[in-house]
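Q: Data: start.cif, mmCIF, C-alpha atoms and all ligand atoms.
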data_target
#
loop_
_atom_site.label_atom_id
_atom_site.label_comp_id
_atom_site.auth_asym_id
_atom_site.auth_seq_id
_atom_site.Cartn_x
_atom_site.Cartn_y
_atom_site.Cartn_z
CA MET B 507 0.00 0.00 0.00
CA TRP B 508 2.77 2.40 1.01
CA ALA B 509 4.75 1.65 -2.15
CA ALA B 510 1.61 2.04 -4.27
CA LEU B 511 0.94 5.52 -2.86
CA ILE B 512 4.53 6.56 -3.62
CA GLU B 513 4.18 5.10 -7.13
CA LEU B 514 0.82 6.83 -7.64
CA ASN B 515 2.20 10.26 -6.85
CA SER B 516 5.41 9.82 -8.80
CA TYR B 517 3.28 8.78 -11.81
CA ARG B 518 1.07 11.85 -11.41
CA PHE B 519 4.14 14.06 -11.02
CA ARG B 520 5.75 12.67 -14.19
CA HIS B 521 2.57 13.35 -16.17
CA GLY B 522 2.11 16.90 -14.92
CA ALA B 523 -0.84 16.16 -12.62
CA ARG B 524 -1.09 17.55 -9.11
CA PRO B 525 0.15 15.00 -6.53
CA LEU B 526 -2.50 13.80 -4.06
CA LEU B 527 -1.42 14.59 -0.53
CA ASN B 528 -4.73 14.92 1.27
CA TYR B 529 -6.13 11.97 3.29
CA GLN B 530 -9.66 12.29 1.84
CA GLU B 531 -8.41 12.50 -1.75
CA LEU B 532 -6.14 9.50 -1.24
CA CYS B 533 -8.97 7.49 0.37
CA ARG B 534 -11.19 8.13 -2.69
CA GLU B 535 -8.31 7.00 -4.89
CA VAL B 536 -7.86 3.69 -3.05
CA ALA B 537 -11.58 2.97 -2.52
CA GLY B 538 -12.39 -0.61 -3.53
CA VAL B 539 -8.73 -1.61 -3.67
CA ARG B 540 -7.88 -4.86 -1.96
CA VAL B 541 -4.38 -5.65 -0.67
CA GLY B 542 -3.87 -9.20 0.56
CA GLU B 543 -5.83 -9.84 3.73
CA LEU B 544 -5.63 -6.26 5.01
CA SER B 545 -8.94 -4.88 6.25
CA VAL B 546 -10.17 -1.48 5.09
CA PRO B 547 -9.33 0.25 8.45
CA ALA B 548 -5.79 -1.17 8.31
CA LEU B 549 -5.40 0.03 4.70
CA ARG B 550 -6.66 3.46 5.63
CA SER B 551 -4.21 3.68 8.51
CA VAL B 552 -1.39 3.32 5.96
CA VAL B 553 -3.01 6.06 3.85
CA ARG B 554 -3.32 8.22 6.96
CA ARG B 555 0.36 7.72 7.80
CA TYR B 556 1.35 8.62 4.23
CA ALA B 557 -0.90 11.72 4.19
CA ASP B 558 0.47 12.86 7.57
CA ALA B 559 4.04 12.51 6.32
CA CYS B 560 3.18 14.53 3.19
CA MET B 561 1.49 17.25 5.25
CA GLU B 562 4.52 17.49 7.51
CA THR B 563 6.81 17.80 4.48
CA ALA B 564 4.59 20.52 2.98
CA ARG B 565 4.61 22.40 6.29
CA ARG B 566 8.39 22.28 6.49
CA LYS B 567 8.77 23.37 2.88
CA ARG B 568 6.53 26.37 3.57
CA ARG B 569 8.79 27.29 6.48
CA GLY B 570 11.74 27.15 4.09
CA GLU B 571 13.29 24.05 5.66
CA ARG B 572 14.72 21.19 3.64
CA ALA B 573 12.24 18.33 3.49
CA ARG B 574 11.36 15.52 1.08
CA TYR B 575 8.15 13.68 0.41
CA PRO B 576 8.15 9.96 1.31
CA ARG B 577 10.02 8.06 -1.37
CA ARG B 578 11.42 4.96 0.36
CA ARG B 579 9.47 1.77 -0.12
CA ARG B 580 9.33 0.04 3.20
CA GLN B 581 8.79 -3.62 3.81
CA LEU B 582 6.63 -3.13 6.88
CA VAL B 583 4.50 -0.14 7.75
CA PRO B 584 2.74 0.22 11.13
CA LEU B 585 -0.96 -0.59 11.07
CA ARG B 586 -3.33 1.21 13.38
CA TYR B 587 -6.66 -0.20 14.51
CA TYR B 588 -9.24 2.02 16.17
CA ALA B 589 -12.01 0.97 18.53
CA GLY B 590 -14.42 -1.43 16.82
CA THR B 591 -11.78 -2.87 14.49
CA PHE B 592 -10.05 -4.91 17.18
CA GLU B 593 -11.13 -7.02 20.10
CA LEU B 594 -9.15 -7.47 23.29
CA ARG B 595 -9.65 -10.45 25.60
CA GLY B 596 -6.96 -10.40 28.26
CA ARG B 597 -3.78 -11.35 26.49
CA ARG B 598 -5.55 -12.31 23.27
CA LEU B 599 -6.09 -9.72 20.56
CA ARG B 600 -8.13 -10.07 17.39
CA LEU B 601 -7.42 -7.68 14.53
CA SER B 602 -9.84 -7.07 11.68
CA THR B 603 -8.99 -8.67 8.35
CA ALA B 604 -10.45 -8.39 4.86
CA ARG B 605 -13.96 -9.75 4.34
CA GLY B 606 -14.03 -13.48 3.72
CA THR B 607 -10.61 -14.14 5.24
CA PRO B 608 -9.96 -15.95 8.53
CA ALA B 609 -9.74 -13.84 11.71
CA LEU B 610 -6.27 -12.84 12.93
CA TRP B 611 -5.64 -13.58 16.60
CA LEU B 612 -2.43 -12.43 18.32
CA LEU B 613 -1.18 -13.61 21.69
CA LEU B 614 0.51 -10.80 23.63
CA ALA B 615 3.74 -11.51 25.52
CA ARG B 616 2.35 -9.78 28.59
CA PRO B 617 -1.00 -8.37 29.67
CA ILE B 618 -1.90 -4.76 28.85
CA PRO B 619 -1.76 -2.68 32.06
CA TYR B 620 -5.09 -0.95 31.30
CA GLY B 621 -8.59 -2.35 31.38
CA ASP B 622 -9.81 -3.78 28.07
CA GLU B 623 -12.42 -0.98 27.78
CA ALA B 624 -9.81 1.79 28.32
CA VAL B 625 -7.84 0.86 25.19
CA ARG B 626 -8.73 3.25 22.34
CA SER B 627 -6.40 2.09 19.60
CA VAL B 628 -3.65 -0.44 18.95
CA THR B 629 -0.81 -0.14 16.46
CA LEU B 630 0.98 -3.19 15.16
CA LEU B 631 4.54 -2.42 14.15
CA SER B 632 7.92 -3.99 13.63
CA ASP B 633 10.79 -2.83 15.82
CA ALA B 634 13.96 -4.16 14.14
CA GLY B 635 12.17 -7.37 13.24
CA ARG B 636 10.24 -7.77 16.49
CA LEU B 637 6.48 -7.51 16.34
CA VAL B 638 5.38 -4.85 18.82
CA LEU B 639 1.94 -3.59 19.81
CA ASP B 640 1.63 0.11 20.66
CA VAL B 641 -1.41 0.77 22.83
CA SER B 642 -3.27 4.06 23.31
CA ALA B 643 -5.53 4.02 26.33
CA GLU B 644 -7.68 6.54 28.11
CA VAL B 645 -6.40 7.04 31.65
CA PRO B 646 -7.94 9.18 34.39
CA VAL B 647 -6.16 12.51 34.93
CA ALA B 648 -6.01 14.05 38.41
CA GLU B 649 -7.42 17.51 39.07
CA SER B 650 -4.84 20.26 38.88
CA GLN B 651 -3.01 20.41 42.24
CA GLU B 652 -2.60 23.62 44.21
CA GLY B 653 0.91 23.55 45.54
CA VAL B 654 4.42 24.91 45.73
CA THR B 655 6.70 25.47 42.75
CA ALA B 656 9.75 23.31 42.14
CA GLY B 657 12.62 23.89 39.72
CA VAL B 658 13.90 21.02 37.58
CA ASP B 659 17.31 20.94 35.90
CA LEU B 660 17.70 18.37 33.12
CA GLY B 661 21.07 16.80 32.59
CA ILE B 662 23.11 13.79 31.57
CA ILE B 663 24.80 12.92 34.86
CA HIS B 664 21.51 13.54 36.63
CA PRO B 665 18.50 13.29 34.28
CA PHE B 666 16.55 15.27 36.86
CA ALA B 667 17.74 17.54 39.67
CA ALA B 668 14.87 19.24 41.47
CA THR B 669 14.46 21.66 44.38
CA SER B 670 11.47 23.06 46.15
CA GLY B 671 11.79 25.09 49.35
CA SER B 672 14.49 23.34 51.35
CA GLN B 673 13.85 19.96 49.71
CA ALA B 674 15.90 18.56 46.87
CA LEU B 675 15.97 15.47 44.67
CA LEU B 676 18.82 14.07 42.61
CA VAL B 677 18.02 11.27 40.17
CA SER B 678 21.24 9.55 39.13
CA GLY B 679 21.67 8.70 35.45
CA ARG B 680 24.68 6.46 36.07
CA VAL B 681 22.90 3.37 34.80
CA ILE B 682 21.79 5.17 31.64
CA ARG B 683 25.37 6.28 31.00
CA ALA B 684 26.65 2.75 31.62
CA GLU B 685 24.17 1.49 29.03
CA GLU B 686 25.31 4.19 26.56
CA ARG B 687 28.95 3.25 27.00
CA LEU B 688 28.36 -0.49 26.75
CA HIS B 689 26.33 0.07 23.60
CA LEU B 690 29.03 2.28 22.08
CA ALA B 691 31.71 -0.32 22.82
CA ASP B 692 29.48 -3.01 21.34
CA THR B 693 28.78 -0.95 18.19
CA LYS B 694 32.49 -0.33 17.68
CA ALA B 695 33.32 -4.01 18.12
CA ARG B 696 30.65 -4.95 15.56
CA ALA B 697 32.00 -2.37 13.12
CA ARG B 698 35.56 -3.68 13.55
CA ALA B 699 34.49 -7.27 13.07
CA THR B 700 32.32 -6.69 10.01
CA ALA B 701 34.17 -3.86 8.23
CA LYS B 702 35.79 -6.32 5.82
CA ARG B 703 32.42 -7.63 4.71
CA ALA B 704 31.02 -4.16 3.96
CA PRO B 705 30.01 -3.86 0.30
CA ARG B 706 31.84 -1.31 -1.84
CA PRO B 707 29.76 1.48 -3.40
CA ALA B 708 27.33 0.16 -6.03
CA GLN B 709 28.03 -3.40 -4.88
CA ARG B 710 25.28 -5.60 -3.51
CA GLY B 711 25.83 -6.64 0.11
CA SER B 712 26.47 -10.29 0.89
CA ARG B 713 24.08 -12.40 2.92
CA ARG B 714 26.46 -12.37 5.88
CA TRP B 715 26.72 -8.59 5.65
CA ARG B 716 22.96 -8.22 5.68
CA GLN B 717 22.76 -10.54 8.70
CA ALA B 718 25.36 -8.44 10.50
CA ARG B 719 23.39 -5.30 9.69
CA ARG B 720 20.22 -6.87 11.01
CA ARG B 721 21.89 -7.85 14.28
CA GLN B 722 23.25 -4.30 14.58
CA ARG B 723 19.75 -2.88 14.08
CA GLN B 724 18.39 -5.26 16.72
CA ALA B 725 21.08 -4.17 19.20
CA GLU B 726 20.25 -0.54 18.43
CA ALA B 727 16.54 -1.09 19.03
CA ARG B 728 17.20 -2.97 22.29
CA HIS B 729 19.47 -0.16 23.49
CA LEU B 730 16.86 2.47 22.70
CA ARG B 731 14.15 0.51 24.53
CA ARG B 732 16.38 0.26 27.59
CA VAL B 733 17.24 3.97 27.65
CA ARG B 734 13.61 4.95 27.22
CA GLN B 735 12.52 2.59 29.98
CA MET B 736 15.08 4.15 32.34
CA GLN B 737 14.00 7.66 31.42
CA HIS B 738 10.41 6.72 32.24
CA HIS B 739 11.67 5.37 35.53
CA ALA B 740 13.52 8.64 36.26
CA ALA B 741 10.40 10.69 35.46
CA LYS B 742 8.34 8.45 37.74
CA GLU B 743 10.79 9.03 40.60
CA LEU B 744 10.54 12.79 40.11
CA ILE B 745 6.74 12.80 40.01
CA SER B 746 6.40 10.68 43.16
CA TRP B 747 8.86 13.01 44.94
CA ALA B 748 6.88 16.04 43.76
CA GLN B 749 3.62 14.49 44.97
CA ALA B 750 5.14 13.73 48.38
CA LYS B 751 6.40 17.32 48.71
CA GLY B 752 3.09 18.92 47.65
CA VAL B 753 4.42 20.36 44.39
CA GLY B 754 1.80 21.86 42.06
CA THR B 755 4.06 23.32 39.36
CA LEU B 756 7.29 21.97 37.92
CA VAL B 757 9.43 24.64 36.25
CA VAL B 758 11.71 22.85 33.79
CA GLY B 759 14.82 24.36 32.21
CA ASP B 760 14.17 24.18 28.48
CA PRO B 761 17.08 22.40 26.83
CA ARG B 762 16.02 23.24 23.27
CA GLY B 763 18.78 24.71 21.15
CA ILE B 764 21.49 23.04 23.20
CA ALA B 765 22.19 20.60 20.35
CA ALA B 766 22.93 23.49 18.00
CA ARG B 767 25.93 24.65 20.04
CA ASP B 768 29.29 23.29 18.99
CA ALA B 769 30.92 21.92 22.13
CA GLY B 770 33.49 19.58 20.62
CA ARG B 771 33.16 16.09 19.19
CA ARG B 772 32.66 14.15 22.40
CA GLN B 773 30.26 16.57 24.08
CA ASN B 774 28.31 16.98 20.80
CA ARG B 775 27.82 13.23 20.66
CA ARG B 776 26.59 13.14 24.24
CA VAL B 777 24.28 16.12 23.95
CA ALA B 778 22.98 15.86 20.39
CA THR B 779 22.53 12.14 19.90
CA THR B 780 22.60 10.16 23.11
CA TRP B 781 20.79 12.32 25.63
CA ARG B 782 17.32 11.93 24.06
CA ARG B 783 16.01 14.95 25.94
CA THR B 784 12.81 15.17 23.87
CA HIS B 785 11.80 11.77 25.16
CA LEU B 786 12.86 12.70 28.70
CA VAL B 787 10.73 15.87 28.70
CA GLY B 788 7.85 14.01 27.03
CA ALA B 789 7.87 11.28 29.67
CA LEU B 790 7.87 13.93 32.41
CA ARG B 791 5.00 15.88 30.80
CA ASP B 792 2.83 12.77 30.46
CA LYS B 793 3.34 11.61 34.02
CA ALA B 794 2.87 15.14 35.39
CA GLU B 795 -0.43 15.47 33.52
CA VAL B 796 -1.76 12.24 35.01
CA ALA B 797 -0.72 13.45 38.49
CA GLY B 798 -2.32 16.88 37.98
CA ILE B 799 1.01 18.73 38.13
CA GLU B 800 1.61 21.61 35.75
CA VAL B 801 4.85 21.68 33.73
CA VAL B 802 6.26 25.06 32.67
CA LEU B 803 9.30 25.36 30.40
CA VAL B 804 11.66 28.31 30.94
CA ASP B 805 14.92 29.26 29.25
CA GLU B 806 17.74 27.54 31.10
CA ARG B 807 20.54 29.75 29.80
CA GLY B 808 22.97 30.80 32.50
CA THR B 809 21.21 28.91 35.27
CA SER B 810 24.25 26.78 36.08
CA SER B 811 26.58 29.79 36.21
CA THR B 812 24.55 32.10 38.45
CA CYS B 813 24.74 32.11 42.24
CA PRO B 814 21.27 31.38 43.66
CA GLU B 815 22.03 33.39 46.82
CA CYS B 816 23.58 36.63 45.53
CA THR B 817 22.63 36.28 41.79
CA ALA B 818 26.23 37.02 40.74
CA ARG B 819 27.55 35.51 37.52
CA VAL B 820 30.04 32.84 38.42
CA PRO B 821 32.27 30.92 35.98
CA LYS B 822 30.67 27.54 35.19
CA PRO B 823 32.05 24.97 37.65
CA LYS B 824 34.20 22.19 36.22
CA GLY B 825 33.10 19.48 38.61
CA ARG B 826 29.84 18.81 40.40
CA ARG B 827 30.58 21.33 43.18
CA PHE B 828 29.46 24.94 42.78
CA THR B 829 31.28 27.62 44.80
CA CYS B 830 30.47 31.33 44.70
CA PRO B 831 33.61 33.50 45.07
CA PHE B 832 31.46 36.49 46.07
CA CYS B 833 29.24 35.26 48.91
CA GLY B 834 30.88 31.90 49.56
CA TYR B 835 27.77 29.84 48.82
CA GLU B 836 28.57 26.22 48.14
CA GLY B 837 26.26 23.62 46.68
CA HIS B 838 25.69 20.82 44.21
CA ARG B 839 26.00 22.20 40.69
CA ASP B 840 22.83 20.61 39.32
CA LEU B 841 20.80 21.69 42.35
CA VAL B 842 22.11 25.25 41.89
CA GLY B 843 20.75 25.06 38.33
CA ALA B 844 17.42 23.78 39.64
CA ARG B 845 17.23 26.62 42.21
CA ASN B 846 17.83 29.25 39.53
CA ILE B 847 15.24 27.62 37.26
CA ALA B 848 12.73 27.59 40.13
CA ALA B 849 13.39 31.33 40.64
CA ARG B 850 12.67 31.99 36.94
CA GLY B 851 9.30 30.31 37.35
CA GLY B 852 8.48 32.28 40.52
CA GLY B 853 9.43 29.60 43.05
CA THR B 854 11.39 30.22 46.24
CA THR B 855 14.14 27.90 47.40
CA THR B 856 16.76 27.83 50.12
CA ALA B 857 19.97 25.86 50.40
CA PRO B 858 18.68 22.25 50.41
CA ALA B 859 18.37 20.79 53.91
CA VAL B 860 17.33 17.35 52.68
CA VAL B 861 18.58 15.84 49.43
CA THR B 862 16.80 12.69 48.29
CA HIS B 863 18.88 10.43 46.05
CA ARG B 864 17.24 8.12 43.53
CA ARG B 865 18.59 5.99 40.72
CA ALA B 866 17.02 5.63 37.27
CA GLY B 867 16.93 2.04 36.00
CA ALA B 868 18.50 -1.15 37.29
CA PRO B 869 22.27 -1.55 36.89
CA PRO B 870 23.36 -3.75 33.95
CA ALA B 871 23.50 -7.45 34.65
CA ARG B 872 26.85 -8.79 35.85
CA ARG B 873 26.89 -11.07 32.87
CA ASP B 874 26.02 -8.42 30.28
CA ARG B 875 27.93 -9.76 27.27
CA ARG B 876 29.09 -6.29 26.29
CA ARG B 877 31.03 -5.84 29.51
CA HIS B 878 34.21 -7.57 28.45
CA LEU B 879 34.58 -5.00 25.66
CA MET B 880 35.18 -2.42 28.35
CA ASP B 881 37.75 -4.45 30.26
CA ARG B 882 40.70 -2.86 28.50
CA HIS B 883 39.69 0.46 30.02
CA ARG B 884 38.99 -0.82 33.50
CA SER B 885 41.37 -0.85 36.41
CA CYS B 886 39.64 -3.96 37.72
CA PRO B 887 38.30 -6.50 35.20
CA ALA B 888 34.82 -7.94 35.36
CA PRO B 889 34.64 -11.27 37.21
CA GLY B 890 35.76 -14.24 35.14
CA ARG B 891 37.64 -12.07 32.68
CA PRO B 892 41.41 -11.86 32.18
CA ALA B 893 43.29 -8.98 33.78
CA ARG B 894 44.73 -6.16 31.74
CA GLY B 895 47.43 -7.24 29.31
CA GLU B 896 46.48 -10.89 29.47
CA SER B 897 44.75 -11.94 26.28
CA LEU B 898 41.90 -14.42 26.12
CA ALA B 899 43.67 -16.35 23.37
CA GLY B 900 46.70 -16.88 25.60
CA ARG B 901 44.61 -18.60 28.23
CA ARG B 902 42.99 -21.03 25.85
CA THR B 903 43.65 -24.71 26.04
CA PRO B 904 43.36 -26.91 22.91
CA THR B 905 40.17 -28.52 24.23
CA ASP B 906 38.54 -25.10 24.44
CA GLY B 907 38.78 -24.67 20.70
CA ALA B 908 37.04 -27.94 19.94
CA GLY B 909 33.95 -27.22 21.99
CA SER B 910 33.76 -23.56 21.18
CA THR B 911 31.46 -22.10 18.54
CA ASP B 912 33.95 -19.33 17.79
CA HIS B 913 34.45 -19.26 14.04
CA GLY B 914 36.99 -16.48 14.23
CA ARG B 915 34.45 -13.88 13.23
CA TRP B 916 35.28 -11.70 16.18
CA ARG B 917 39.02 -11.37 16.37
CA GLY B 918 41.25 -9.53 18.80
CA SER B 919 40.00 -8.61 22.22
CA GLY B 920 36.41 -9.43 21.36
CA ASN B 921 36.85 -13.02 20.23
CA LYS B 922 34.39 -14.39 22.76
CA ALA B 923 31.54 -12.20 21.62
CA ASN B 924 30.45 -14.63 18.93
CA VAL B 925 29.86 -17.34 21.50
CA ALA B 926 27.66 -15.00 23.47
CA LEU B 927 25.81 -13.84 20.37
CA LYS B 928 24.64 -17.36 19.65
CA GLY B 929 22.45 -17.17 22.68
CA HIS B 930 20.26 -14.47 21.15
ZN ZN B 1001 26.94 34.20 45.68
#
Please lay out the structure from this file as structure tokens.

A:
Amino acid sequence: MWAALIELNSYRFRHGARPLLNYQELCREVAGVRVGELSVPALRSVVRRYADACMETARRKRRGERARYPRRRRQLVPLRYYAGTFELRGRRLRLSTARGTPALWLLLARPIPYGDEAVRSVTLLSDAGRLVLDVSAEVPVAESQEGVTAGVDLGIIHPFAATSGSQALLVSGRVIRAEERLHLADTKARARATAKRAPRPAQRGSRRWRQARRRQRQAEARHLRRVRQMQHHAAKELISWAQAKGVGTLVVGDPRGIAARDAGRRQNRRVATTWRRTHLVGALRDKAEVAGIEVVLVDERGTSSTCPECTARVPKPKGRRFTCPFCGYEGHRDLVGARNIAARGGGTTTAPAVVTHRRAGAPPARRDRRRHLMDRHRSCPAPGRPARGESLAGRRTPTDGAGSTDHGRWRGSGNKANVALKGH
């Protein structure tokens, strides 16, 4: 369906006709068309997705931005089913199919955490080859809470640092950073191991190359799921702290525009690609709405280099400790940022008397197979791994080779990774 819509418009374009970009027009065009066993609502959801993408492109073009209409044929496009076109019975889900074709029942891997009546729509999609169901449900939203104002500083070391009055919260992002670093080490090892198989320009990739690419995409998707899960966890910690402290408004330092600054290769990578602040703010907004807490975004410029006591401009601290050379105020750098942000939103704070520490996400498993990739950089190797300077190959006995599934695909320091990969 997706490919047909692209083909339809490219045909019209070639013959001087106006391309169809509007949902209603496209629906008229595809009326009566049958594609496999897809039901009409499923077909229309593809049309809707295509029309939305076209509208977004048109909007960007009007603003003078660079944008292109959809042109890539995709193998799998998400299908959305609205109420009445699906049936939910606990963990069993029936999706509508074309008339005269057998019903399609799916068994979900885990129950949906909302009542069957609360679910408004389901979207079936493929996440790097895994079938996933996205669920939209109607959830009750609490009445807007009257309460104090808290300032929230977003960051990488601490996804959330918040203060309100003399109370403070620090949510540690250590586990998220560990996941980022393990994933980076893993990506590099994959690239090293498969670089030789990469097709040259205009050359078709080999089967093994395509398999390697697929595994890389799967690892990428898994990593993203983990980071998002931990960001949700961090937002949940912040909201439950805010509820316990009677917070009615969260003033959040707006990080938009931070990716545009050039801060050097390493910092750019951290800020622009791996922080995923849009998701972090989105998760916070959603959970705040359910809890009846208002979220206000303010400009965060200069909030980490201003003294919250005497409002003097202070050079940005290098470490986590903020010290004011004018009035002598000392405090945690991220909490100083949160205090200044709270002040911008009209909140009052004092030097925190109580700092609550929380951690986002569960630390990576001891046996995470990516850990040995980091061992070269560690002062103390992970358990069961050789110490620095001692290679895995050197410790091998001849019998090891016979029973091992290592085909020499992963050479050098990562030559055990292939064994671990088989388990996936
Ligand atoms: Zn000061």

Q: Can you work out the spacing between CA of Ala697 (chain B) and CA of Leu879 (chain B) in Å, to one decimal?

A: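 CA of Ala697 (chain B) sits 13.1 Å away from CA of Leu879 (chain B).
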
Q: Using all atoms listed in the file, which residues sit within 12 Å of region 541-544 of chain B once same-chain residues fewer than 5 positions away are excluded, as a list in words?

A: Met507, Trp508, Ala509, Ala510, Val536, Leu549, Arg550, Ser551, Val552, Leu585, Arg586, Tyr587, Thr591, Leu601, Ser602, Thr603, Ala604, Arg605, Gly606, Thr607, Pro608, Ala609 and Leu610 of chain B

Q: Taking C-alpha atoms for each residue, export the selection above as a PDB file, in the frame of the given file.

A:
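And here's result31.pdb as it stands now:
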ATOM      1  CA  MET B 507       0.000   0.000   0.000  1.00  0.00           C
ATOM      2  CA  TRP B 508       2.770   2.400   1.010  1.00  0.00           C
ATOM      3  CA  ALA B 509       4.750   1.650  -2.150  1.00  0.00           C
ATOM      4  CA  ALA B 510       1.610   2.040  -4.270  1.00  0.00           C
ATOM      5  CA  VAL B 536      -7.860   3.690  -3.050  1.00  0.00           C
ATOM      6  CA  LEU B 549      -5.400   0.030   4.700  1.00  0.00           C
ATOM      7  CA  ARG B 550      -6.660   3.460   5.630  1.00  0.00           C
ATOM      8  CA  SER B 551      -4.210   3.680   8.510  1.00  0.00           C
ATOM      9  CA  VAL B 552      -1.390   3.320   5.960  1.00  0.00           C
ATOM     10  CA  LEU B 585      -0.960  -0.590  11.070  1.00  0.00           C
ATOM     11  CA  ARG B 586      -3.330   1.210  13.380  1.00  0.00           C
ATOM     12  CA  TYR B 587      -6.660  -0.200  14.510  1.00  0.00           C
ATOM     13  CA  THR B 591     -11.780  -2.870  14.490  1.00  0.00           C
ATOM     14  CA  LEU B 601      -7.420  -7.680  14.530  1.00  0.00           C
ATOM     15  CA  SER B 602      -9.840  -7.070  11.680  1.00  0.00           C
ATOM     16  CA  THR B 603      -8.990  -8.670   8.350  1.00  0.00           C
ATOM     17  CA  ALA B 604     -10.450  -8.390   4.860  1.00  0.00           C
ATOM     18  CA  ARG B 605     -13.960  -9.750   4.340  1.00  0.00           C
ATOM     19  CA  GLY B 606     -14.030 -13.480   3.720  1.00  0.00           C
ATOM     20  CA  THR B 607     -10.610 -14.140   5.240  1.00  0.00           C
ATOM     21  CA  PRO B 608      -9.960 -15.950   8.530  1.00  0.00           C
ATOM     22  CA  ALA B 609      -9.740 -13.840  11.710  1.00  0.00           C
ATOM     23  CA  LEU B 610      -6.270 -12.840  12.930  1.00  0.00           C
TER      24      LEU B 610
END

Q: Select the residues contacting ligand ZN 1001 (chain B) at a distance of at most 7 Å, based on all atoms listed in the file, then format the selection as a VMD selection string.

A: chain B and resid 813 to 818 830 to 835

Q: For a test of reading the model, state the distance in Å between CA of Val842 (chain B) and CA of Val654 (chain B), rounded to one decimal.

A: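 For CA of Val842 (chain B) relative to CA of Val654 (chain B), the distance reads 18.1 Å.
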
Q: Pick from B:Arg719, B:Arg687, B:Arg732, B:Arg864: nearest to Ala699 (chain B), with only C-alpha atoms counted?

A: B:Arg719

Q: How many Å lie between CA of Arg580 (chain B) and CA of Glu562 (chain B), rounded to one decimal?

A: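 These atoms are spaced 18.6 Å apart.
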
Q: Centre and edge lengths of an axis-aligned box around all listed atoms of region 746-750 of chain B, with 6 Å added on each side, are to be given in Å to one decimal, as JSON.

A:
{"center_x": 6.2, "center_y": 13.4, "center_z": 45.8, "size_x": 17.2, "size_y": 17.4, "size_z": 17.2}

Q: From (4.3, 12.8, 38.2), in the file's coordinates, out to 12 Å: which residues are reached, counting only C-alpha atoms? Answer as a PyMOL selection string.

A: chain B and resi 647-648+650-651+738-756+787-801

Q: Pick out the closest residue to Gly843 (chain B) from this set: B:Val645, B:Cys560, B:Leu786, B:Ala674. Count all atoms listed in the file.

A: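 Closest to Gly843 (chain B) of all the choices is B:Ala674.
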
Q: Between B:Pro576, B:Gly538, B:His878, B:Asn515, which is the closest to Arg555 (chain B) once you count only C-alpha atoms?

A: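 With only C-alpha atoms as the atom set, the closest residue is B:Pro576.
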
Q: Tell me which of B:Ala557, B:Ala548, B:Ala624, B:Ile512 sits closest to Tyr529 (chain B), counting all atoms listed in the file.

A: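 Among the listed residues, B:Ala557 lies closest to Tyr529 (chain B).
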
Q: Could you name the residues that touch Asn846 (chain B) at 12 Å or less, counting all atoms listed in the file, but leaving out those on the same chain fewer than 5 positions away, as JSON, numbers by chain?

A: {"B": [656, 657, 658, 659, 667, 668, 669, 670, 757, 758, 759, 804, 805, 806, 807, 808, 809, 810, 811, 812, 813, 814, 815, 816, 817, 818, 819, 839, 840, 841, 851, 852, 853, 854, 855, 856, 857]}

Q: With distances taken over only C-alpha atoms, which residue among B:Arg845, B:Phe828, B:Gly661, B:Pro870 lies nearest Trp781 (chain B)?

A: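 Using only C-alpha atoms, Trp781 (chain B) sits closest to B:Gly661.
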
Q: Find, counting only C-alpha atoms, the residue in B:Leu660, B:Leu526, B:Ala537, B:Ala708 that gets nearest to Thr784 (chain B).

A: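 Using only C-alpha atoms, the shortest distance to Thr784 (chain B) belongs to B:Leu660.
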
Q: Return region 556-564 of chain B, completed with N, CA and C atoms, as a short mmCIF file (atom, residue, chain, number, x, y, z; two decimals), in the coordinates of the input.

A:
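What ended up in result.cif:
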data_model
loop_
_atom_site.label_atom_id
_atom_site.label_comp_id
_atom_site.auth_asym_id
_atom_site.auth_seq_id
_atom_site.Cartn_x
_atom_site.Cartn_y
_atom_site.Cartn_z
N TYR B 556 0.74 8.02 5.42
CA TYR B 556 1.35 8.62 4.23
C TYR B 556 0.93 10.09 4.12
N ALA B 557 -0.39 10.35 4.31
CA ALA B 557 -0.90 11.72 4.19
C ALA B 557 -0.27 12.61 5.26
N ASP B 558 -0.14 12.08 6.48
CA ASP B 558 0.47 12.86 7.57
C ASP B 558 1.90 13.23 7.24
N ALA B 559 2.64 12.25 6.68
CA ALA B 559 4.04 12.51 6.32
C ALA B 559 4.12 13.58 5.24
N CYS B 560 3.19 13.52 4.25
CA CYS B 560 3.18 14.53 3.19
C CYS B 560 2.86 15.91 3.74
N MET B 561 1.88 15.97 4.66
CA MET B 561 1.49 17.25 5.25
C MET B 561 2.66 17.87 6.00
N GLU B 562 3.37 17.02 6.74
CA GLU B 562 4.52 17.49 7.51
C GLU B 562 5.59 18.04 6.57
N THR B 563 5.82 17.34 5.45
CA THR B 563 6.81 17.80 4.48
C THR B 563 6.39 19.16 3.91
N ALA B 564 5.09 19.26 3.55
CA ALA B 564 4.59 20.52 2.98
C ALA B 564 4.77 21.66 3.98
#
